[in-house]
>>> print(open('final-v2.csv').read())   # CSV, C-alpha atoms
chain,number,residue,atom,x,y,z
A,1288,MET,CA,8.6,-17.8,-7.5
A,1289,HIS,CA,8.2,-16.6,-11.1
A,1290,VAL,CA,6.4,-13.3,-11.4
A,1291,ALA,CA,4.4,-12.9,-14.6
A,1292,ARG,CA,4.9,-9.8,-16.7
A,1293,PRO,CA,3.1,-6.8,-15.2
A,1294,GLU,CA,0.9,-6.4,-18.2
A,1295,LYS,CA,-0.6,-9.9,-17.5
A,1296,LEU,CA,-0.9,-9.3,-13.7
A,1297,PHE,CA,-2.4,-5.8,-14.1
A,1298,PRO,CA,-4.0,-5.5,-17.5
A,1299,ILE,CA,-6.0,-2.4,-16.6
A,1300,PHE,CA,-3.1,-0.4,-15.3
A,1301,ARG,CA,-2.0,1.0,-18.7
A,1302,GLN,CA,-5.5,2.3,-19.3
A,1303,ALA,CA,-5.9,3.5,-15.7
A,1304,GLN,CA,-2.6,5.3,-15.9
A,1305,GLN,CA,-3.7,7.2,-19.0
A,1306,SER,CA,-7.1,8.2,-17.5
A,1307,LEU,CA,-5.8,8.9,-14.0
A,1308,GLU,CA,-5.3,12.6,-14.8
A,1309,SER,CA,-9.1,13.1,-15.2
A,1310,TYR,CA,-10.0,12.0,-11.7
A,1311,PRO,CA,-9.5,13.9,-8.5
A,1312,MET,CA,-6.8,12.3,-6.3
A,1313,ARG,CA,-9.2,12.5,-3.3
A,1314,LEU,CA,-11.7,10.2,-5.2
A,1315,ILE,CA,-8.9,7.8,-6.2
A,1316,SER,CA,-7.6,7.7,-2.6
A,1317,LYS,CA,-11.1,7.0,-1.1
A,1318,ALA,CA,-11.7,4.3,-3.7
A,1319,ALA,CA,-8.4,2.6,-3.0
A,1320,SER,CA,-8.9,2.8,0.7
A,1321,ILE,CA,-12.3,1.2,0.5
A,1322,LEU,CA,-11.0,-1.5,-1.8
A,1323,ILE,CA,-8.2,-2.3,0.6
A,1324,LEU,CA,-10.5,-2.3,3.6
A,1325,LEU,CA,-12.9,-4.7,1.9
A,1326,CYS,CA,-10.2,-7.0,0.8
A,1327,GLY,CA,-8.7,-7.2,4.3
A,1328,ALA,CA,-5.2,-7.0,2.9
A,1329,VAL,CA,-3.5,-6.9,6.2
A,1330,SER,CA,-5.7,-9.1,8.2
A,1331,SER,CA,-3.4,-12.1,8.5
A,1332,PRO,CA,0.3,-12.3,9.1
A,1333,ALA,CA,0.5,-15.6,7.3
A,1334,ARG,CA,0.7,-15.4,3.5
A,1335,ALA,CA,-2.4,-16.7,1.7
A,1336,ASP,CA,-2.1,-18.5,-1.7
A,1337,GLY,CA,-1.9,-15.9,-4.4
A,1338,GLU,CA,-1.2,-13.0,-2.1
A,1339,MET,CA,1.5,-10.6,-3.2
A,1340,THR,CA,4.8,-11.2,-1.4
A,1341,ALA,CA,7.4,-8.6,-0.5
A,1342,GLY,CA,9.6,-10.1,-3.2
A,1343,ASP,CA,6.8,-9.7,-5.8
A,1344,LEU,CA,6.3,-6.1,-4.8
A,1345,SER,CA,10.0,-5.5,-4.8
A,1346,SER,CA,10.2,-6.8,-8.3
A,1347,LEU,CA,7.4,-4.5,-9.5
A,1348,CYS,CA,9.0,-1.5,-7.7
A,1349,SER,CA,12.5,-2.0,-9.1
A,1350,THR,CA,11.8,-2.2,-12.8
A,1351,THR,CA,11.8,0.6,-15.3
A,1352,ASP,CA,8.6,-0.8,-16.9
A,1353,GLN,CA,5.9,2.0,-16.5
A,1354,VAL,CA,3.0,-0.4,-16.0
A,1355,ALA,CA,4.9,-2.3,-13.2
A,1356,SER,CA,6.0,1.0,-11.6
A,1357,THR,CA,2.3,2.2,-11.6
A,1358,ALA,CA,1.2,-1.1,-10.1
A,1359,CYS,CA,3.9,-0.7,-7.4
A,1360,ARG,CA,2.7,2.9,-6.6
A,1361,PHE,CA,-1.0,2.0,-6.5
A,1362,TYR,CA,-0.4,-1.1,-4.3
A,1363,ILE,CA,1.7,0.8,-1.8
A,1364,LEU,CA,-0.6,3.8,-1.6
A,1365,GLY,CA,-3.7,1.6,-1.4
A,1366,ILE,CA,-2.3,-0.2,1.7
A,1367,VAL,CA,-1.1,3.1,3.3
A,1368,GLN,CA,-4.3,4.9,2.7
A,1369,GLY,CA,-6.5,2.0,3.6
A,1370,VAL,CA,-4.8,1.3,6.9
A,1371,GLY,CA,-4.8,5.1,7.6
A,1372,LEU,CA,-8.5,5.4,6.9
A,1373,GLY,CA,-9.3,2.4,9.1
A,1374,ASP,CA,-7.1,3.6,11.9
A,1375,GLY,CA,-8.3,7.2,11.7
A,1376,ALA,CA,-12.0,6.7,11.8
A,1377,TYR,CA,-14.7,4.5,13.4
A,1378,LEU,CA,-18.4,4.0,12.8
A,1379,ASP,CA,-20.5,5.7,15.4
A,1380,ALA,CA,-23.2,3.2,16.5
A,1381,THR,CA,-25.7,5.9,17.2
A,1382,THR,CA,-25.4,8.2,14.2
A,1383,ARG,CA,-24.1,5.5,11.8
A,1384,HIS,CA,-21.6,8.0,10.5
A,1385,LEU,CA,-17.8,7.7,10.4
A,1386,GLN,CA,-16.2,9.7,13.2
A,1387,GLU,CA,-12.6,10.8,13.2
A,1388,ARG,CA,-10.2,9.6,15.9
A,1389,LYS,CA,-6.5,9.8,16.7
A,1390,ARG,CA,-4.4,7.5,14.6
A,1391,THR,CA,-2.3,4.9,16.5
A,1392,ILE,CA,-0.7,2.7,13.8
A,1393,PHE,CA,1.5,5.1,11.8
A,1394,CYS,CA,1.4,8.9,11.5
A,1395,PRO,CA,3.1,10.5,8.5
A,1396,PRO,CA,3.4,14.3,8.7
A,1397,GLU,CA,0.5,16.2,7.2
A,1398,ASN,CA,0.7,16.6,3.4
A,1399,THR,CA,3.5,14.0,3.0
A,1400,PRO,CA,3.8,13.7,-0.8
A,1401,GLN,CA,2.6,10.3,-2.1
A,1402,ALA,CA,5.9,10.0,-4.0
A,1403,GLN,CA,7.8,10.3,-0.7
A,1404,MET,CA,5.7,7.5,0.9
A,1405,VAL,CA,6.3,5.2,-2.1
A,1406,ALA,CA,10.0,6.0,-2.1
A,1407,VAL,CA,10.3,5.3,1.7
A,1408,VAL,CA,8.6,1.9,1.3
A,1409,ARG,CA,10.5,1.0,-1.8
A,1410,ASP,CA,13.9,2.0,-0.5
A,1411,THR,CA,13.4,0.5,3.0
A,1412,MET,CA,12.1,-2.7,1.5
A,1413,LYS,CA,15.2,-2.9,-0.8
A,1414,LEU,CA,17.5,-2.6,2.1
A,1415,ASP,CA,15.6,-5.1,4.2
A,1416,LEU,CA,15.4,-7.7,1.5
A,1417,GLY,CA,19.1,-7.3,0.8
A,1418,ALA,CA,19.9,-8.0,4.5
A,1419,TYR,CA,17.2,-10.5,5.1
A,1420,PRO,CA,16.4,-12.5,1.9
A,1421,ASP,CA,13.9,-14.7,3.6
A,1422,ASP,CA,11.7,-11.6,4.1
A,1423,ARG,CA,10.9,-11.8,0.4
A,1424,LYS,CA,8.3,-14.5,1.3
A,1425,LEU,CA,6.4,-12.2,3.7
A,1426,PRO,CA,3.1,-10.6,2.6
A,1427,ALA,CA,3.7,-7.3,0.8
A,1428,ALA,CA,0.9,-5.6,2.7
A,1429,SER,CA,2.4,-6.5,6.1
A,1430,THR,CA,5.8,-5.4,4.9
A,1431,ILE,CA,4.4,-2.0,3.8
A,1432,VAL,CA,2.7,-1.5,7.2
A,1433,GLY,CA,5.8,-2.5,9.0
A,1434,VAL,CA,7.9,0.1,7.1
A,1435,MET,CA,5.4,2.8,7.7
A,1436,VAL,CA,5.2,2.0,11.5
A,1437,HIS,CA,9.0,2.2,11.7
A,1438,LYS,CA,9.4,5.3,9.6
A,1439,PHE,CA,6.4,7.3,10.8
A,1440,PRO,CA,5.6,6.3,14.4
A,1441,CYS,CA,2.7,7.9,16.1
A,1442,PRO,CA,3.4,10.1,19.1
A,1443,LYS,CA,2.5,8.5,22.4
>>> encode(input="final-v2.csv", output="structure tokens")
Amino acid sequence: MHVARPEKLFPIFRQAQQSLESYPMRLISKAASILILLCGAVSSPARADGEMTAGDLSSLCSTTDQVASTACRFYILGIVQGVGLGDGAYLDATTRHLQERKRTIFCPPENTPQAQMVAVVRDTMKLDLGAYPDDRKLPAASTIVGVMVHKFPCPK
């Protein structure tokens, strides 16, 4: 599959990257989490047409192009934070407020740097795709969740 240049796939990333410093990371994290939850990025193990594959993500993550690198980072962190938010909270039917609960999907240590999470996914994905080239066709979101579950299992 031919992957378009990152500038064409993600035209706003260059602008977003420049203005990123002016926004608190907590706000960006919440926005990314909500977006991922709304999109249902990991709802189906089968790849939908137009869905980013592990091969597509690997291409973005292994280039020196700054826009592609930023897209890689945002995609990985969006999936990680979206799944983490969905796993770590539930809507209380009585109060209609989000309530915290124990995470069960993956559990990175508190204050794990974002750069470390991106590096773990990128490096593990590179090893996996080298050993199992057919995995390039898998959905990128499912691949990210699989890496996080493997690297950061929750205590029983």
>>> closest_residue(input="final-v2.csv", among="A:His1437, A:Gly1369, A:Gln1403, A:Thr1430", to="Leu1416 in chain A", atoms="all atoms listed in the file")
A:Thr1430
>>> atom_distance(input="final-v2.csv", atom1="CA of Ser1356 in chain A", atom2="CA of Ala1406 in chain A")
11.5 Å
>>> atom_distance(input="final-v2.csv", atom1="CA of Cys1394 in chain A", atom2="CA of Thr1411 in chain A")
16.9 Å
>>> closest_residue(input="final-v2.csv", among="A:Val1407, A:Glu1338, A:Val1436, A:Lys1424", to="Arg1390 in chain A", atoms="all atoms listed in the file")
A:Val1436
>>> closest_residue(input="final-v2.csv", among="A:Val1432, A:Leu1385, A:Met1412, A:Ala1341", to="Gln1368 in chain A", atoms="only C-alpha atoms")
A:Val1432
>>> residues_around(input="final-v2.csv", residues="Leu1378 in chain A", least_positions_apart="6", cutoff="12 Å", atoms="all atoms listed in the file", output="ChimeraX atom specification")
/A:1372,1384-1388
>>> build_atoms(input="final-v2.csv", residues="range 1399-1431 of chain A", atoms="N, CA and C atoms", output="PDB file, in the frame of the given file")
ATOM      1  N   THR A1399       2.332  14.795   3.510  1.00  0.00           N
ATOM      2  CA  THR A1399       3.500  14.000   3.000  1.00  0.00           C
ATOM      3  C   THR A1399       3.173  13.648   1.575  1.00  0.00           C
ATOM      4  N   PRO A1400       4.039  14.003   0.632  1.00  0.00           N
ATOM      5  CA  PRO A1400       3.800  13.700  -0.800  1.00  0.00           C
ATOM      6  C   PRO A1400       3.682  12.148  -0.961  1.00  0.00           C
ATOM      7  N   GLN A1401       2.776  11.735  -1.834  1.00  0.00           N
ATOM      8  CA  GLN A1401       2.600  10.300  -2.100  1.00  0.00           C
ATOM      9  C   GLN A1401       3.928   9.736  -2.650  1.00  0.00           C
ATOM     10  N   ALA A1402       4.619  10.488  -3.475  1.00  0.00           N
ATOM     11  CA  ALA A1402       5.900  10.000  -4.000  1.00  0.00           C
ATOM     12  C   ALA A1402       6.891   9.712  -2.924  1.00  0.00           C
ATOM     13  N   GLN A1403       6.875  10.513  -1.866  1.00  0.00           N
ATOM     14  CA  GLN A1403       7.800  10.300  -0.700  1.00  0.00           C
ATOM     15  C   GLN A1403       7.423   8.995  -0.001  1.00  0.00           C
ATOM     16  N   MET A1404       6.131   8.756   0.207  1.00  0.00           N
ATOM     17  CA  MET A1404       5.700   7.500   0.900  1.00  0.00           C
ATOM     18  C   MET A1404       6.102   6.296   0.083  1.00  0.00           C
ATOM     19  N   VAL A1405       5.903   6.361  -1.224  1.00  0.00           N
ATOM     20  CA  VAL A1405       6.300   5.200  -2.100  1.00  0.00           C
ATOM     21  C   VAL A1405       7.785   5.027  -2.040  1.00  0.00           C
ATOM     22  N   ALA A1406       8.555   6.111  -2.105  1.00  0.00           N
ATOM     23  CA  ALA A1406      10.000   6.000  -2.100  1.00  0.00           C
ATOM     24  C   ALA A1406      10.504   5.436  -0.745  1.00  0.00           C
ATOM     25  N   VAL A1407       9.900   5.854   0.356  1.00  0.00           N
ATOM     26  CA  VAL A1407      10.300   5.300   1.700  1.00  0.00           C
ATOM     27  C   VAL A1407      10.076   3.836   1.732  1.00  0.00           C
ATOM     28  N   VAL A1408       8.910   3.379   1.296  1.00  0.00           N
ATOM     29  CA  VAL A1408       8.600   1.900   1.300  1.00  0.00           C
ATOM     30  C   VAL A1408       9.541   1.194   0.385  1.00  0.00           C
ATOM     31  N   ARG A1409       9.680   1.675  -0.838  1.00  0.00           N
ATOM     32  CA  ARG A1409      10.500   1.000  -1.800  1.00  0.00           C
ATOM     33  C   ARG A1409      11.974   0.913  -1.372  1.00  0.00           C
ATOM     34  N   ASP A1410      12.533   2.008  -0.884  1.00  0.00           N
ATOM     35  CA  ASP A1410      13.900   2.000  -0.500  1.00  0.00           C
ATOM     36  C   ASP A1410      14.194   1.200   0.774  1.00  0.00           C
ATOM     37  N   THR A1411      13.293   1.295   1.744  1.00  0.00           N
ATOM     38  CA  THR A1411      13.400   0.500   3.000  1.00  0.00           C
ATOM     39  C   THR A1411      13.303  -0.975   2.674  1.00  0.00           C
ATOM     40  N   MET A1412      12.344  -1.313   1.832  1.00  0.00           N
ATOM     41  CA  MET A1412      12.100  -2.700   1.500  1.00  0.00           C
ATOM     42  C   MET A1412      13.360  -3.268   0.743  1.00  0.00           C
ATOM     43  N   LYS A1413      13.972  -2.464  -0.116  1.00  0.00           N
ATOM     44  CA  LYS A1413      15.200  -2.900  -0.800  1.00  0.00           C
ATOM     45  C   LYS A1413      16.301  -3.218   0.146  1.00  0.00           C
ATOM     46  N   LEU A1414      16.504  -2.341   1.121  1.00  0.00           N
ATOM     47  CA  LEU A1414      17.500  -2.600   2.100  1.00  0.00           C
ATOM     48  C   LEU A1414      17.236  -3.811   2.972  1.00  0.00           C
ATOM     49  N   ASP A1415      15.985  -3.934   3.407  1.00  0.00           N
ATOM     50  CA  ASP A1415      15.600  -5.100   4.200  1.00  0.00           C
ATOM     51  C   ASP A1415      15.758  -6.391   3.476  1.00  0.00           C
ATOM     52  N   LEU A1416      15.285  -6.443   2.248  1.00  0.00           N
ATOM     53  CA  LEU A1416      15.400  -7.700   1.500  1.00  0.00           C
ATOM     54  C   LEU A1416      16.801  -8.038   1.128  1.00  0.00           C
ATOM     55  N   GLY A1417      17.662  -7.041   1.031  1.00  0.00           N
ATOM     56  CA  GLY A1417      19.100  -7.300   0.800  1.00  0.00           C
ATOM     57  C   GLY A1417      19.730  -7.931   2.030  1.00  0.00           C
ATOM     58  N   ALA A1418      19.345  -7.453   3.203  1.00  0.00           N
ATOM     59  CA  ALA A1418      19.900  -8.000   4.500  1.00  0.00           C
ATOM     60  C   ALA A1418      19.253  -9.252   4.920  1.00  0.00           C
ATOM     61  N   TYR A1419      17.971  -9.394   4.641  1.00  0.00           N
ATOM     62  CA  TYR A1419      17.200 -10.500   5.100  1.00  0.00           C
ATOM     63  C   TYR A1419      16.410 -11.150   3.929  1.00  0.00           C
ATOM     64  N   PRO A1420      17.063 -11.928   3.084  1.00  0.00           N
ATOM     65  CA  PRO A1420      16.400 -12.500   1.900  1.00  0.00           C
ATOM     66  C   PRO A1420      15.157 -13.286   2.159  1.00  0.00           C
ATOM     67  N   ASP A1421      15.056 -13.918   3.301  1.00  0.00           N
ATOM     68  CA  ASP A1421      13.900 -14.700   3.600  1.00  0.00           C
ATOM     69  C   ASP A1421      12.606 -13.842   3.757  1.00  0.00           C
ATOM     70  N   ASP A1422      12.796 -12.545   4.001  1.00  0.00           N
ATOM     71  CA  ASP A1422      11.700 -11.600   4.100  1.00  0.00           C
ATOM     72  C   ASP A1422      10.924 -11.470   2.774  1.00  0.00           C
ATOM     73  N   ARG A1423      11.526 -11.909   1.675  1.00  0.00           N
ATOM     74  CA  ARG A1423      10.900 -11.800   0.400  1.00  0.00           C
ATOM     75  C   ARG A1423       9.571 -12.658   0.370  1.00  0.00           C
ATOM     76  N   LYS A1424       9.467 -13.634   1.268  1.00  0.00           N
ATOM     77  CA  LYS A1424       8.300 -14.500   1.300  1.00  0.00           C
ATOM     78  C   LYS A1424       7.151 -13.900   2.151  1.00  0.00           C
ATOM     79  N   LEU A1425       7.415 -12.831   2.887  1.00  0.00           N
ATOM     80  CA  LEU A1425       6.400 -12.200   3.700  1.00  0.00           C
ATOM     81  C   LEU A1425       5.336 -11.522   2.859  1.00  0.00           C
ATOM     82  N   PRO A1426       4.129 -11.356   3.391  1.00  0.00           N
ATOM     83  CA  PRO A1426       3.100 -10.600   2.600  1.00  0.00           C
ATOM     84  C   PRO A1426       3.531  -9.184   2.396  1.00  0.00           C
ATOM     85  N   ALA A1427       3.303  -8.722   1.185  1.00  0.00           N
ATOM     86  CA  ALA A1427       3.700  -7.300   0.800  1.00  0.00           C
ATOM     87  C   ALA A1427       2.936  -6.333   1.689  1.00  0.00           C
ATOM     88  N   ALA A1428       1.656  -6.569   1.938  1.00  0.00           N
ATOM     89  CA  ALA A1428       0.900  -5.600   2.700  1.00  0.00           C
ATOM     90  C   ALA A1428       1.440  -5.444   4.122  1.00  0.00           C
ATOM     91  N   SER A1429       1.795  -6.546   4.766  1.00  0.00           N
ATOM     92  CA  SER A1429       2.400  -6.500   6.100  1.00  0.00           C
ATOM     93  C   SER A1429       3.721  -5.775   6.098  1.00  0.00           C
ATOM     94  N   THR A1430       4.480  -6.003   5.056  1.00  0.00           N
ATOM     95  CA  THR A1430       5.800  -5.400   4.900  1.00  0.00           C
ATOM     96  C   THR A1430       5.630  -3.851   4.799  1.00  0.00           C
ATOM     97  N   ILE A1431       4.665  -3.412   4.005  1.00  0.00           N
ATOM     98  CA  ILE A1431       4.400  -2.000   3.800  1.00  0.00           C
ATOM     99  C   ILE A1431       4.013  -1.355   5.164  1.00  0.00           C
TER     100      ILE A1431
END
